[in-house]
Amino acid sequence: MIRKCSLEEISDGRLYDTNDMVKAYCNECKGCHACCEGMGNSIILDPIDVMRLTSHLGKSFEELLTDEIELNVVDGLVLPNIKMKKNVCPFLNAEGRCSIHEARPGFCRLFPLGRYYENGGFQYFLQIHECKRAGKTKVKVSKWIDTPDIPRYTKYINDWHNFQKEMQELLKKKLLEEKEEEARNLTILVLNVLFMGIYDDKTDFYQQFDSRLAKLRELIAVK
Ligand code: SF4
Ligand code: SF4
């Protein structure tokens, strides 16, 4: 999601790489679940999140849409996000813990870190106004985001980000040319190819994503 605020306003002014230490560790959030409530539609899911959720919950993307997730327009694209129930994440259990911890979305893995994209890549930043927990200690960024194979994950996040940027430009162009229906069809195509259907959790996710993205690019090129 594009944010229109300066890094200085929301961060400690530093950018972090995956091997850097950042003051984000909050003692496993014991006794707190503040960021699992009142998040509106901001917990946006990317394809790897959907693969983790569908595999962990044994439900298809379409089945998740009946209850746990919903679709919203984000910078022109239609993307899934966690659907809050009475302002609370549906995966927060009665003990105030995440019931899908190992399959939680990238947004939750990152929080309170964010990503800052620049010059074709990205670094991490610490959002200083988000997690109010006092006494946070330092943790390595790679450990905090709790995701295996960081180099491939980083490439995937970049590819996904760059693809969204390209699509946003293309959709903007279509709308300027008053081709609303074509723009709408493109957003549906992205959803169908990158999110619908099962990602096989026994097969390498990144290969599956790359091949879906290549197929999508071919389909967009002939439109
Ligand atoms: S607000 Fe901070 S301490 Fe509380 S659950 Fe979120 S990350 Fe953990
Ligand atoms: S998925 Fe888990 S960590 Fe993320 S908001 Fe929901 S309960 Fe919290």
# chains A, B, ... in the order shown; residues from 1 in each chain; ligands from 1

call {"tool": "select_by_dssp", "arguments": {"residues": "chain A", "states": "strand (DSSP E)", "output": "PyMOL selection string"}}
result
chain A and resi 21-25+69-74+77-82+113-118+121-126+137-140

call {"tool": "write_last_selection", "arguments": {"atoms": "C-alpha atoms", "output": "short mmCIF file (atom, residue, chain, number, x, y, z; two decimals), in the first residue's frame"}}
result
data_model
loop_
_atom_site.label_atom_id
_atom_site.label_comp_id
_atom_site.auth_asym_id
_atom_site.auth_seq_id
_atom_site.Cartn_x
_atom_site.Cartn_y
_atom_site.Cartn_z
CA MET A 21 19.69 -5.67 14.70
CA VAL A 22 16.51 -3.66 15.30
CA LYS A 23 14.74 -2.75 18.54
CA ALA A 24 11.51 -4.65 17.75
CA TYR A 25 11.53 -7.67 20.07
CA ILE A 69 -10.75 -12.80 4.29
CA GLU A 70 -12.29 -10.21 2.00
CA LEU A 71 -11.40 -8.28 -1.14
CA ASN A 72 -10.72 -4.56 -1.32
CA VAL A 73 -9.28 -2.11 -3.82
CA VAL A 74 -5.69 -1.19 -2.95
CA LEU A 77 -5.73 -3.47 -7.65
CA VAL A 78 -8.23 -5.80 -6.00
CA LEU A 79 -6.35 -7.62 -3.22
CA PRO A 80 -7.36 -9.85 -0.31
CA ASN A 81 -7.04 -8.81 3.33
CA ILE A 82 -7.89 -10.34 6.69
CA LEU A 113 8.64 -3.07 10.92
CA GLY A 114 7.73 -1.81 7.47
CA ARG A 115 9.39 -1.97 4.07
CA TYR A 116 10.88 1.01 2.30
CA TYR A 117 11.27 0.53 -1.46
CA GLU A 118 13.96 2.44 -3.30
CA GLY A 121 15.07 -2.94 -3.90
CA PHE A 122 13.87 -2.46 -0.34
CA GLN A 123 15.04 -2.16 3.22
CA TYR A 124 13.19 -2.36 6.50
CA PHE A 125 12.29 0.47 8.84
CA LEU A 126 10.97 0.56 12.40
CA THR A 137 15.00 -5.27 22.88
CA LYS A 138 17.10 -5.82 19.80
CA VAL A 139 16.53 -8.70 17.41
CA LYS A 140 18.03 -9.52 14.03
#

call {"tool": "residues_around", "arguments": {"residues": "Lys132 in chain A", "least_positions_apart": "5", "cutoff": "12 Å", "atoms": "only C-alpha atoms", "output": "list in words"}}
result
Ala24, Tyr25, Cys26, Cys29, Cys32, His33, Ala34, Cys35, Phe111, Pro112 and Gln127 of chain A

call {"tool": "residues_around", "arguments": {"residues": "Ile220 in chain A", "least_positions_apart": "2", "cutoff": "10 Å", "atoms": "only C-alpha atoms", "output": "NGL selection string"}}
result
:A and (167 or 186 or 189-190 or 214-218 or 222-223)

call {"tool": "closest_atom_pairs", "arguments": {"of": "chain A", "to": "ligand 2", "cutoff": "8 Å", "atoms": "only C-alpha atoms and all ligand atoms", "output": "Markdown table"}}
result
| residue | atom | partner | partner_atom_place_in_ligand_line | distance |
| --- | --- | --- | --- | --- |
| A:His33 | CA | ligand 2 | 8 (Fe) | 6.8 |
| A:Cys35 | CA | ligand 2 | 5 (S) | 6.2 |
| A:Cys36 | CA | ligand 2 | 5 (S) | 3.7 |
| A:Glu37 | CA | ligand 2 | 5 (S) | 6.9 |
| A:Met39 | CA | ligand 2 | 5 (S) | 7.8 |
| A:Ile43 | CA | ligand 2 | 5 (S) | 7.3 |
| A:Ile82 | CA | ligand 2 | 6 (Fe) | 7.6 |
| A:Val88 | CA | ligand 2 | 6 (Fe) | 8.0 |
| A:Cys89 | CA | ligand 2 | 6 (Fe) | 4.6 |
| A:Pro90 | CA | ligand 2 | 6 (Fe) | 6.5 |
| A:Phe91 | CA | ligand 2 | 7 (S) | 4.5 |
| A:Leu92 | CA | ligand 2 | 7 (S) | 3.9 |
| A:Asn93 | CA | ligand 2 | 7 (S) | 7.3 |
| A:Gly96 | CA | ligand 2 | 7 (S) | 8.0 |
| A:Arg97 | CA | ligand 2 | 7 (S) | 6.4 |
| A:Cys98 | CA | ligand 2 | 7 (S) | 3.9 |
| A:Ser99 | CA | ligand 2 | 2 (Fe) | 6.4 |
| A:Ile100 | CA | ligand 2 | 2 (Fe) | 5.9 |
| A:His101 | CA | ligand 2 | 2 (Fe) | 5.8 |
| A:Ala103 | CA | ligand 2 | 1 (S) | 7.9 |
| A:Arg104 | CA | ligand 2 | 1 (S) | 4.7 |
| A:Pro105 | CA | ligand 2 | 1 (S) | 6.0 |
| A:Phe107 | CA | ligand 2 | 4 (Fe) | 7.3 |
| A:Cys108 | CA | ligand 2 | 4 (Fe) | 4.6 |
| A:Arg109 | CA | ligand 2 | 3 (S) | 7.4 |

call {"tool": "select_by_dssp", "arguments": {"residues": "range 29-220 of chain A", "states": "helix (DSSP H, G or I)", "output": "PyMOL selection string"}}
result
chain A and resi 29+34-36+47-57+61-64+101-103+106-110+141-145+150-176+180-194+205-220
